[in-house]
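What follows is the content of work-v9.txt (compact mmCIF, N, CA and C atoms and all ligand atoms).
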# COMPACT_ATOMS: atom_id res chain seq x y z
N MET A 1 180.20 65.27 172.07
CA MET A 1 180.07 65.21 173.54
C MET A 1 179.59 66.56 174.05
N SER A 2 178.43 66.60 174.63
CA SER A 2 177.92 67.87 175.13
C SER A 2 178.50 68.16 176.50
N LEU A 3 178.40 69.41 176.87
CA LEU A 3 178.98 69.84 178.13
C LEU A 3 178.17 69.30 179.31
N PHE A 4 176.86 69.21 179.12
CA PHE A 4 175.99 68.77 180.20
C PHE A 4 175.57 67.31 180.02
N ALA A 5 175.52 66.61 181.10
CA ALA A 5 175.09 65.22 181.03
C ALA A 5 173.61 65.17 180.66
N LYS A 6 173.28 64.19 179.85
CA LYS A 6 171.88 64.01 179.48
C LYS A 6 171.24 63.01 180.42
N LYS A 7 169.93 62.88 180.27
CA LYS A 7 169.22 61.91 181.11
C LYS A 7 169.14 60.58 180.39
N CYS A 8 169.45 59.54 181.14
CA CYS A 8 169.37 58.18 180.60
C CYS A 8 167.97 57.91 180.08
N ASP A 9 167.90 57.31 178.90
CA ASP A 9 166.64 57.00 178.24
C ASP A 9 165.78 56.03 179.05
N ARG A 10 166.43 55.19 179.83
CA ARG A 10 165.70 54.14 180.55
C ARG A 10 165.32 54.53 181.97
N CYS A 11 166.28 55.08 182.72
CA CYS A 11 166.00 55.31 184.13
C CYS A 11 166.04 56.79 184.54
N GLY A 12 166.43 57.66 183.62
CA GLY A 12 166.43 59.09 183.93
C GLY A 12 167.66 59.58 184.67
N GLU A 13 168.58 58.65 184.93
CA GLU A 13 169.84 58.99 185.60
C GLU A 13 170.68 59.88 184.68
N ARG A 14 171.36 60.87 185.25
CA ARG A 14 172.25 61.71 184.44
C ARG A 14 173.42 60.90 183.93
N THR A 15 173.71 61.01 182.66
CA THR A 15 174.82 60.24 182.10
C THR A 15 175.42 60.96 180.91
N ARG A 16 176.69 60.68 180.64
CA ARG A 16 177.34 61.18 179.44
C ARG A 16 177.49 60.07 178.42
N ASN A 17 177.13 58.88 178.82
CA ASN A 17 177.27 57.73 177.94
C ASN A 17 176.13 57.72 176.91
N GLU A 18 176.46 57.33 175.69
CA GLU A 18 175.42 57.22 174.67
C GLU A 18 175.53 55.89 173.94
N GLU A 19 174.40 55.31 173.61
CA GLU A 19 174.35 54.10 172.80
C GLU A 19 173.43 54.38 171.64
N GLU A 20 173.93 54.20 170.42
CA GLU A 20 173.13 54.43 169.23
C GLU A 20 172.40 55.76 169.26
N GLY A 21 173.12 56.80 169.68
CA GLY A 21 172.56 58.14 169.67
C GLY A 21 171.64 58.49 170.83
N LYS A 22 171.38 57.51 171.70
CA LYS A 22 170.51 57.78 172.84
C LYS A 22 171.31 57.74 174.13
N PRO A 23 171.01 58.67 175.03
CA PRO A 23 171.72 58.64 176.32
C PRO A 23 171.27 57.44 177.16
N VAL A 24 172.23 56.63 177.52
CA VAL A 24 171.94 55.47 178.37
C VAL A 24 173.05 55.39 179.40
N CYS A 25 172.69 55.30 180.66
CA CYS A 25 173.71 55.28 181.70
C CYS A 25 174.43 53.93 181.75
N ASP A 26 175.58 53.90 182.38
CA ASP A 26 176.41 52.70 182.44
C ASP A 26 175.66 51.50 183.01
N SER A 27 174.90 51.74 184.09
CA SER A 27 174.25 50.59 184.71
C SER A 27 173.15 50.04 183.81
N CYS A 28 172.49 50.92 183.04
CA CYS A 28 171.47 50.41 182.12
C CYS A 28 172.11 49.63 180.98
N VAL A 29 173.29 50.07 180.54
CA VAL A 29 174.01 49.33 179.50
C VAL A 29 174.31 47.93 180.00
N GLN A 30 174.81 47.85 181.23
CA GLN A 30 175.12 46.54 181.83
C GLN A 30 173.87 45.69 181.95
N GLU A 31 172.78 46.34 182.36
CA GLU A 31 171.54 45.62 182.54
C GLU A 31 171.03 45.06 181.22
N MET A 32 171.16 45.86 180.16
CA MET A 32 170.71 45.41 178.84
C MET A 32 171.56 44.24 178.35
N GLN A 33 172.86 44.30 178.67
CA GLN A 33 173.73 43.18 178.28
C GLN A 33 173.32 41.91 179.02
N LEU A 34 172.97 42.09 180.31
CA LEU A 34 172.52 40.95 181.09
C LEU A 34 171.24 40.35 180.51
N MET A 35 170.34 41.23 180.08
CA MET A 35 169.09 40.74 179.50
C MET A 35 169.36 39.97 178.21
N LEU A 36 170.33 40.47 177.44
CA LEU A 36 170.71 39.77 176.21
C LEU A 36 171.22 38.37 176.53
N GLU A 37 172.09 38.30 177.53
CA GLU A 37 172.63 37.00 177.94
C GLU A 37 171.52 36.11 178.46
N ALA A 38 170.61 36.72 179.20
CA ALA A 38 169.49 35.95 179.76
C ALA A 38 168.68 35.30 178.65
N GLY A 39 168.54 36.01 177.54
CA GLY A 39 167.77 35.49 176.42
C GLY A 39 168.39 34.24 175.82
N LYS A 40 169.70 34.09 176.00
CA LYS A 40 170.40 32.93 175.45
C LYS A 40 170.36 31.73 176.39
N GLU A 41 170.08 32.03 177.65
CA GLU A 41 170.05 30.95 178.64
C GLU A 41 168.78 30.12 178.51
N ASN A 42 168.88 28.89 178.93
CA ASN A 42 167.69 28.04 178.94
C ASN A 42 166.71 28.50 180.00
N ILE A 43 165.45 28.36 179.68
CA ILE A 43 164.41 28.64 180.66
C ILE A 43 164.51 27.59 181.76
N ARG A 44 164.46 28.05 183.00
CA ARG A 44 164.53 27.11 184.10
C ARG A 44 163.13 26.83 184.64
N HIS A 45 163.02 25.73 185.32
CA HIS A 45 161.73 25.37 185.90
C HIS A 45 161.82 25.42 187.41
N CYS A 46 160.76 25.92 187.99
CA CYS A 46 160.71 26.10 189.43
C CYS A 46 160.86 24.76 190.14
N PRO A 47 161.77 24.68 191.10
CA PRO A 47 161.97 23.43 191.84
C PRO A 47 160.76 23.10 192.72
N VAL A 48 159.91 24.07 192.97
CA VAL A 48 158.75 23.84 193.83
C VAL A 48 157.57 23.28 193.03
N ASP A 49 157.20 23.97 191.94
CA ASP A 49 156.00 23.56 191.20
C ASP A 49 156.25 23.28 189.73
N ASN A 50 157.52 23.34 189.32
CA ASN A 50 157.92 23.01 187.96
C ASN A 50 157.38 23.95 186.89
N ALA A 51 156.96 25.15 187.28
CA ALA A 51 156.49 26.13 186.30
C ALA A 51 157.70 26.75 185.58
N ALA A 52 157.53 27.13 184.32
CA ALA A 52 158.61 27.79 183.58
C ALA A 52 158.80 29.18 184.17
N MET A 53 160.04 29.50 184.53
CA MET A 53 160.29 30.76 185.20
C MET A 53 160.71 31.86 184.23
N GLN A 54 160.46 33.09 184.65
CA GLN A 54 160.81 34.24 183.85
C GLN A 54 162.10 34.85 184.36
N LYS A 55 162.96 35.25 183.40
CA LYS A 55 164.22 35.87 183.78
C LYS A 55 164.02 37.35 184.00
N GLU A 56 164.61 37.83 185.08
CA GLU A 56 164.54 39.25 185.39
C GLU A 56 165.91 39.74 185.79
N VAL A 57 166.19 40.99 185.46
CA VAL A 57 167.43 41.59 185.92
C VAL A 57 167.07 42.60 186.99
N ALA A 58 167.65 42.41 188.15
CA ALA A 58 167.41 43.35 189.24
C ALA A 58 168.75 43.77 189.81
N HIS A 59 169.06 45.04 189.69
CA HIS A 59 170.31 45.57 190.25
C HIS A 59 171.52 44.74 189.84
N MET A 60 171.62 44.48 188.54
CA MET A 60 172.77 43.79 187.96
C MET A 60 172.79 42.30 188.28
N ILE A 61 171.78 41.80 188.91
CA ILE A 61 171.71 40.37 189.19
C ILE A 61 170.62 39.75 188.35
N LEU A 62 170.98 38.66 187.69
CA LEU A 62 170.00 37.94 186.89
C LEU A 62 169.29 36.92 187.78
N VAL A 63 167.99 37.03 187.86
CA VAL A 63 167.24 36.09 188.69
C VAL A 63 166.15 35.41 187.87
N ASP A 64 165.71 34.26 188.32
CA ASP A 64 164.57 33.59 187.72
C ASP A 64 163.40 33.75 188.68
N ARG A 65 162.28 34.23 188.14
CA ARG A 65 161.12 34.41 189.00
C ARG A 65 160.01 33.46 188.55
N CYS A 66 159.46 32.74 189.52
CA CYS A 66 158.38 31.80 189.20
C CYS A 66 157.05 32.53 189.21
N PRO A 67 156.29 32.45 188.11
CA PRO A 67 154.99 33.13 188.05
C PRO A 67 153.94 32.45 188.90
N GLU A 68 154.18 31.20 189.27
CA GLU A 68 153.20 30.45 190.05
C GLU A 68 153.28 30.76 191.54
N CYS A 69 154.46 30.53 192.12
CA CYS A 69 154.58 30.71 193.57
C CYS A 69 155.30 32.00 193.93
N ARG A 70 155.65 32.81 192.91
CA ARG A 70 156.36 34.09 193.10
C ARG A 70 157.73 33.89 193.74
N GLY A 71 158.25 32.69 193.63
CA GLY A 71 159.58 32.45 194.17
C GLY A 71 160.64 33.11 193.31
N VAL A 72 161.72 33.54 193.91
CA VAL A 72 162.85 34.10 193.19
C VAL A 72 164.05 33.20 193.38
N TRP A 73 164.65 32.76 192.31
CA TRP A 73 165.75 31.81 192.39
C TRP A 73 167.04 32.41 191.86
N LEU A 74 168.10 32.16 192.58
CA LEU A 74 169.40 32.70 192.21
C LEU A 74 170.37 31.57 191.90
N ASP A 75 171.28 31.85 190.97
CA ASP A 75 172.39 30.92 190.74
C ASP A 75 173.41 31.08 191.85
N GLY A 76 174.23 30.06 192.02
CA GLY A 76 175.32 30.17 192.99
C GLY A 76 176.19 31.39 192.70
N GLY A 77 176.54 31.58 191.44
CA GLY A 77 177.39 32.70 191.05
C GLY A 77 176.76 34.04 191.35
N GLU A 78 175.44 34.06 191.22
CA GLU A 78 174.72 35.30 191.49
C GLU A 78 174.73 35.63 192.97
N LEU A 79 174.72 34.59 193.78
CA LEU A 79 174.79 34.80 195.22
C LEU A 79 176.14 35.43 195.59
N GLU A 80 177.20 34.96 194.92
CA GLU A 80 178.53 35.53 195.15
C GLU A 80 178.50 37.03 194.89
N LYS A 81 177.86 37.41 193.78
CA LYS A 81 177.77 38.82 193.43
C LYS A 81 177.04 39.59 194.51
N LEU A 82 175.99 38.98 195.03
CA LEU A 82 175.19 39.63 196.07
C LEU A 82 176.01 39.88 197.31
N ARG A 83 176.83 38.91 197.63
CA ARG A 83 177.57 38.93 198.88
C ARG A 83 178.47 40.16 198.98
N ASP A 84 179.20 40.43 197.89
CA ASP A 84 180.09 41.59 197.98
C ASP A 84 179.51 42.81 197.26
N ASP A 85 178.23 42.77 197.06
CA ASP A 85 177.60 43.89 196.37
C ASP A 85 176.90 44.79 197.39
N LEU A 86 177.14 46.09 197.27
CA LEU A 86 176.54 47.02 198.20
C LEU A 86 175.04 47.16 197.97
N GLN A 87 174.58 46.59 196.86
CA GLN A 87 173.16 46.72 196.54
C GLN A 87 172.33 45.57 197.11
N THR A 88 172.94 44.81 197.99
CA THR A 88 172.22 43.68 198.59
C THR A 88 170.88 44.12 199.16
N ASP A 89 170.87 45.25 199.84
CA ASP A 89 169.64 45.74 200.45
C ASP A 89 168.55 45.94 199.41
N ALA A 90 168.96 46.49 198.26
CA ALA A 90 168.00 46.75 197.20
C ALA A 90 167.41 45.44 196.69
N VAL A 91 168.27 44.44 196.56
CA VAL A 91 167.79 43.15 196.06
C VAL A 91 166.89 42.50 197.10
N MET A 92 167.28 42.63 198.35
CA MET A 92 166.45 42.07 199.41
C MET A 92 165.09 42.74 199.44
N ALA A 93 165.07 44.05 199.17
CA ALA A 93 163.81 44.78 199.14
C ALA A 93 162.93 44.24 198.02
N MET A 94 163.58 43.95 196.89
CA MET A 94 162.86 43.43 195.74
C MET A 94 162.24 42.08 196.03
N THR A 95 163.01 41.27 196.77
CA THR A 95 162.57 39.91 196.99
C THR A 95 161.78 39.75 198.29
N ARG A 96 161.58 40.84 198.99
CA ARG A 96 160.87 40.76 200.26
C ARG A 96 159.45 40.20 200.03
N GLY A 97 159.10 39.28 200.85
CA GLY A 97 157.77 38.71 200.71
C GLY A 97 157.72 37.57 199.71
N PHE A 98 158.82 37.35 199.02
CA PHE A 98 158.86 36.24 198.08
C PHE A 98 159.75 35.14 198.63
N THR A 99 159.55 33.97 198.10
CA THR A 99 160.45 32.88 198.40
C THR A 99 161.76 33.15 197.70
N VAL A 100 162.86 33.06 198.39
CA VAL A 100 164.14 33.17 197.73
C VAL A 100 164.91 31.88 197.96
N GLY A 101 165.33 31.26 196.90
CA GLY A 101 166.03 30.01 197.06
C GLY A 101 167.23 29.92 196.16
N MET A 102 167.97 28.87 196.32
CA MET A 102 169.14 28.65 195.48
C MET A 102 169.04 27.29 194.82
N TYR A 103 169.61 27.20 193.65
CA TYR A 103 169.58 25.91 192.97
C TYR A 103 170.48 24.92 193.68
ZN ZN B 1 169.90 54.27 183.18
ZN ZN B 2 157.17 28.05 191.73

Would you mind giving the structure from this file in structure tokens?
Ligand SMILES: [Zn+2]
Ligand SMILES: [Zn+2]
Amino acid sequence: MSLFAKKCDRCGERTRNEEEGKPVCDSCVQEMQLMLEAGKENIRHCPVDNAAMQKEVAHMILVDRCPECRGVWLDGGELEKLRDDLQTDAVMAMTRGFTVGMY
């Protein structure tokens, strides 16, 4: 454990956390876990145009993004997270200009 925090390998945030010898901040660790989980989930299809959607992690929320209509779709559970999450603004910024819907 060094005295000074290192920079996260992914986002450059100062962190003391390390994964496999590389500095990775807590939020990036969580995000990577989410991406792992996302990989196990079934691909969803857009309710608008039935295109296969891509999974994205944005601010700890797993979303499905449609490559056709640029719609962003959230699970009910994910909406719950948004509701009491202080990062709602960040997510809204991400989805600004896109269709946001719920299953
Ligand atoms: Zn990071
Ligand atoms: Zn679509």

Could you list the protein, DNA and RNA residues that have any atom within 6 Å of ligand ZN 2 (chain B), counting only N, CA and C atoms and all ligand atoms, and write them as JSON, numbers by chain?
{"A": [46, 47, 48, 49, 50, 51, 66, 67, 68, 69, 70, 71]}

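Atom C of Lys55 of chain A sits 25.0 Å away from atom C of Glu20 of chain A.
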
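Here the question is which of A:Asp26, A:Glu78, A:Glu41, A:Glu18 gets nearest to Ile61 of chain A using all atoms listed in the file, and that residue is A:Glu78.
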
Taking only C-alpha atoms and all ligand atoms into account, which residues are within 10 Å of ligand ZN 1 (chain B), as a list in words?
Lys7, Cys8, Asp9, Arg10, Cys11, Gly12, Glu13, Arg14, Thr15, Asn17, Pro23, Val24, Cys25, Asp26, Ser27, Cys28, Val29, Gln30, Glu31 and Met32 of chain A

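Distance-wise, atom CA of His45 of chain A and atom C of Val72 of chain A end up 11.1 Å apart.
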
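For the pair atom N of Ala52 of chain A and atom N of Lys81 of chain A, the separation is 24.7 Å.
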
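Using all atoms listed in the file, the protein and nucleic acid residues lying at most 8 Å from the point (168.6, 35.6, 185.4) are Leu34, Met35, Glu37, Ala38, Gly39, Gln54, Lys55, Glu56, Val57, Ala58, Ile61, Leu62, Val63, Asp64, Arg65, Trp73, Leu74 and Asp75 of chain A.
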